[in-house]
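In what follows, a single structure is set out as structure tokens and then discussed.
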Amino acid sequence: MDTTPDPRRWWGLAAIGLAQLMVVLDMTIVNIALPTAQADLGISDADRQWVITAYTLAFGGLLLLGGRLGDVFGRKQVLITGLIGFAVASAFGGVSQTFAMLIIARALQGVFAALLAPAALSMLNVTFTDPKERARALGVYGAIAGGGAALGLILGGTLTQYLDWRWTLMVNVPIAVVAVIGAVLFLHNHGTEGIRTRLDIPGALLATGGVLAIVYALSEAEQHGWTSTLVLSMLAVGAALLVVFVLVERRTPHALLPLHLLRDRNRVGALSAVGLTQIGMFGVFLFLTYYMQGIQGYSPLKTGVSFLPMVLGMMTGAVGISARFLPRVGPRRLMLPGMLIAASALAFLTQIDVDSTYWLHVFPGLLFLGLGMGMTFMPSMATATGGVRGTDAGVVSATLNTTQQVGGSIGIALLNTVAATATSNWIADHGATTPAEMAEATVQGFSTAMWISVGAVLLAALAAALLVQSRPMAGGAHAAEAAVAAAGEQISGADEAAVPAVAGATDGETERA
């Protein structure tokens with residue numbers, strides 16, 4: 001690899017940052033607009049989760065393959081292709097006239113996000129060769145991720161309220177145009193000439209197909225019943241595809257997921273914690289958005305602002321607590337209290353009802369949920385991606401983010417089905433007909449689903465307690481150095497999440513990564 005500093009590297013960072021901002025915005029901006037889009041397009045309650053799941057499934061399922069494409073065709077070319085494709089998909093989604101058009105657009109956004117996200121972070125790592133400069137660049141990158149999540153909440157509400165929900169998608173177009181211009185002018189490929197690697201297409205298709213079948217089964221359970229032939233057969237197909245995926249990965253020299261990486265119990269525990277806790281995060285965003293706008297009558301802008309305490313809590317937990325104490329106390333002593341705090345906050349949020357007030361019921365739950373998640377994700381990411389060879393850093397980081405997206409996809413499908421079923425049962429049991437009774441039924445459905453989130457987070461805590469080490473991690477100084485970047489990554493939930501790979505590596509491994 002050519003280690004000569006690029007004189008235009010800081011301008012290149014601006015282009016990389018815009019690409020990162022676009023992906024991060026999309027994770028929060030669409031959530032705020034979802035109730036309005038659902039009403040406009042006539043989307044059913046059972047199907048609304050696909051607006052989120054179509055994106056996360058495509059993104060998570062193809063992320064490992066997207067990272068490999070950068071090695072084959074060049075990171076700059078893949079980044080530009082991802083930016084252009086994401087912009088086109090966003091514009092298509094913005095002009096959608098039917099539910100099917102919107103879902104196709106969201107899936108295409110996920111496909112191109114799987115190209116641009118790993119390419120952007122890889123470009124950053126090879127553009128900044130000096131360790132101190134790279135640390136500063138990663139800090140900027142992480143700050144964009146964290147700030148972008150908050151900006152998405154506010155911008156989503158503003159655009160939906162004062163323009164149209166469609167602008168929450170079309171706003172990506174001008175951002176992508178500027179990012180493409182910056183990438184063309186200020187970025188170039190480093191060290192990819194002459195590299196040849198095979199693409200594990202069968203692995204990508206098997207993994208994505210298996211998860212898609214499971215998510216589809218979970219989403220159809222509300223309409224057809226958990227014991228229906230459709231649901232049980234799709235669950236069986238999904239499980240079978242994932243089993244075949246594991247068998248294929250064992251025999252493939254260029255596997256998307258080298259299975260030897262999962263022999264480390266700490267890594268398995270951290271990945272399990274990340275995947276399970278995503279159920280709580282995705283559920284809260286979905287249900288509280290509908291609760292605030294549909295039950296409490298909040299405007300989209302007010303709804304977006306109302307979520308900011310969770311972002312504040314995450315930053316406090318990740319940077320103020322975890323980054324400071326991780327080198328001293330080890331990951332488990334941070335993850336367990338964090339997940340218990342998050343589970344308690346979720347349990348508190350299950351108690352909200354139609355007449356609950358924001359400051360007494362919603363605000364404390366969001367603040368402490370963010371605090372707990374911030375304390376959990378930063379050490380989880382450092383544990384999952386630390387201590388690997390430089391050649392494995394990229395695939396481990398992509399595996400971590402895939403776990404986030406797939407966990408969120410499965411979780412949101414399950415929770416939406418549970419909520420819809422609980423609401424229907426409450427209406428049938430109480431003979432609800434009035435608007436007040438229907439609102440009560442909806443809140444009961446939300447509360448029931450969030451208890452599933454509580455159980456998932458507690459299960460994540462159990463996995464961490466049994467598998468993750470309690471002793472301080474090696475490379476603690478590096479972990480603290482990358483804290484801001486890691487905090488931004490875990491808030492957005494939409495990056496390749498390779499920053500913490502630097503945390504557990506030696507200086508030589510960091511250079512190779």
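We name chains A, B, ... following the order of the structure tokens; residues begin at 1 in each chain, and ligands are numbered from 1 as shown.
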
Polymer residues at most 10 Å from Pro331 in chain A, only C-alpha atoms, same-chain spacing of 5 or more positions, as number ranges by chain: A: 266, 270, 322, 325-326, 336, 375-383, 464, 468-473

Shell around Leu369 in chain A at 7 Å using only C-alpha atoms, local window under 5 positions removed, as JSON, numbers by chain: {"A": [310, 341, 342, 345, 346]}

Point to revise | Spatial neighbours of range 156-160 of chain A, 12 Å, only C-alpha atoms, chain gap at least 2 places, as JSON, numbers by chain | key: {"A": [25, 26, 27, 28, 29, 30, 31, 32, 33, 34, 35, 36, 37, 40, 94, 148, 149, 150, 151, 152, 153, 154, 162, 163, 164, 165, 166, 167, 168, 169, 170, 171, 172, 289, 293, 298, 299, 300, 301, 302, 303, 304, 305, 306, 307]}

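A straight line drawn from CA of Gly210 in chain A to CA of Val23 in chain A is 24.7 Å long.
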
inquiry  = Calculated over only C-alpha atoms, which of the candidates A:Val126, A:Leu199, A:Leu276, A:Ser447 has the smallest distance to Thr252 in chain A?
reply    =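 The answer is A:Leu199, which sits nearest to Thr252 in chain A.
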
Of the residues A:Leu241, A:Val268, A:Leu108, A:Leu21, which is the one nearest to Pro202 in chain A, using only C-alpha atoms?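 Closest candidate: A:Leu241.
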
Margin query: Could you list, as a ChimeraX atom specification, every residue within 12 Å of Pro258 in chain A, counting only C-alpha atoms and ignoring same-chain residues fewer than 2 positions away?
Written below: /A:64,200,203,245-256,260-263,391-396,398-399

Atoms to include: C-alpha atoms. Write the selected residues as an mmCIF file, in the first residue's frame.
```cif
data_model
loop_
_atom_site.group_PDB
_atom_site.id
_atom_site.type_symbol
_atom_site.label_atom_id
_atom_site.label_comp_id
_atom_site.auth_asym_id
_atom_site.auth_seq_id
_atom_site.Cartn_x
_atom_site.Cartn_y
_atom_site.Cartn_z
ATOM 1 C CA LEU A 64 -20.325 -8.459 3.264
ATOM 2 C CA ASP A 200 -18.857 -15.563 -2.699
ATOM 3 C CA GLY A 203 -22.976 -17.341 0.247
ATOM 4 C CA PHE A 245 -24.945 -21.162 4.113
ATOM 5 C CA VAL A 246 -22.828 -22.401 7.016
ATOM 6 C CA LEU A 247 -21.891 -25.564 5.083
ATOM 7 C CA VAL A 248 -20.941 -23.523 2.022
ATOM 8 C CA GLU A 249 -18.853 -21.098 4.088
ATOM 9 C CA ARG A 250 -16.913 -24.019 5.575
ATOM 10 C CA ARG A 251 -15.820 -25.139 2.118
ATOM 11 C CA THR A 252 -15.358 -21.782 0.360
ATOM 12 C CA PRO A 253 -11.776 -20.400 0.296
ATOM 13 C CA HIS A 254 -13.076 -16.846 -0.123
ATOM 14 C CA ALA A 255 -16.006 -17.056 2.301
ATOM 15 C CA LEU A 256 -18.044 -13.983 3.072
ATOM 16 C CA HIS A 260 -12.908 -19.396 12.255
ATOM 17 C CA LEU A 261 -13.706 -15.865 13.399
ATOM 18 C CA LEU A 262 -16.613 -17.234 15.426
ATOM 19 C CA ARG A 263 -14.402 -19.508 17.532
ATOM 20 C CA THR A 391 -6.563 -9.121 6.952
ATOM 21 C CA ASP A 392 -9.688 -10.059 8.924
ATOM 22 C CA ALA A 393 -10.544 -6.614 10.288
ATOM 23 C CA GLY A 394 -12.771 -5.655 7.380
ATOM 24 C CA VAL A 395 -14.860 -8.825 7.315
ATOM 25 C CA VAL A 396 -15.302 -8.822 11.109
ATOM 26 C CA ALA A 398 -18.888 -5.959 8.198
ATOM 27 C CA THR A 399 -20.127 -9.001 10.125
#
```

Min atom-atom distance to Met292 in chain A from the set A:Leu459, A:Met22, A:Val173, A:Val362, counting only C-alpha atoms, belongs to A:Val362

May I have the residues within 9 Å of Trp426 in chain A as JSON, numbers by chain, using only C-alpha atoms and disregarding those fewer than 4 positions away in the same chain? {"A": [421, 422, 430, 431, 432, 440, 441, 442, 444, 445]}

### Message
When you look at range 450-456 of chain A with a cut-off of 7 Å (counting only C-alpha atoms), what residues show up, excluding the ones that are within fewer than 6 positions of it in the same chain? I need them as a PyMOL selection string.
### Response
chain A and resi 276-277+279-280+283+343+346-347+350

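From CA of Leu367 in chain A back to CA of Met438 in chain A, the distance works out to 28.6 Å.
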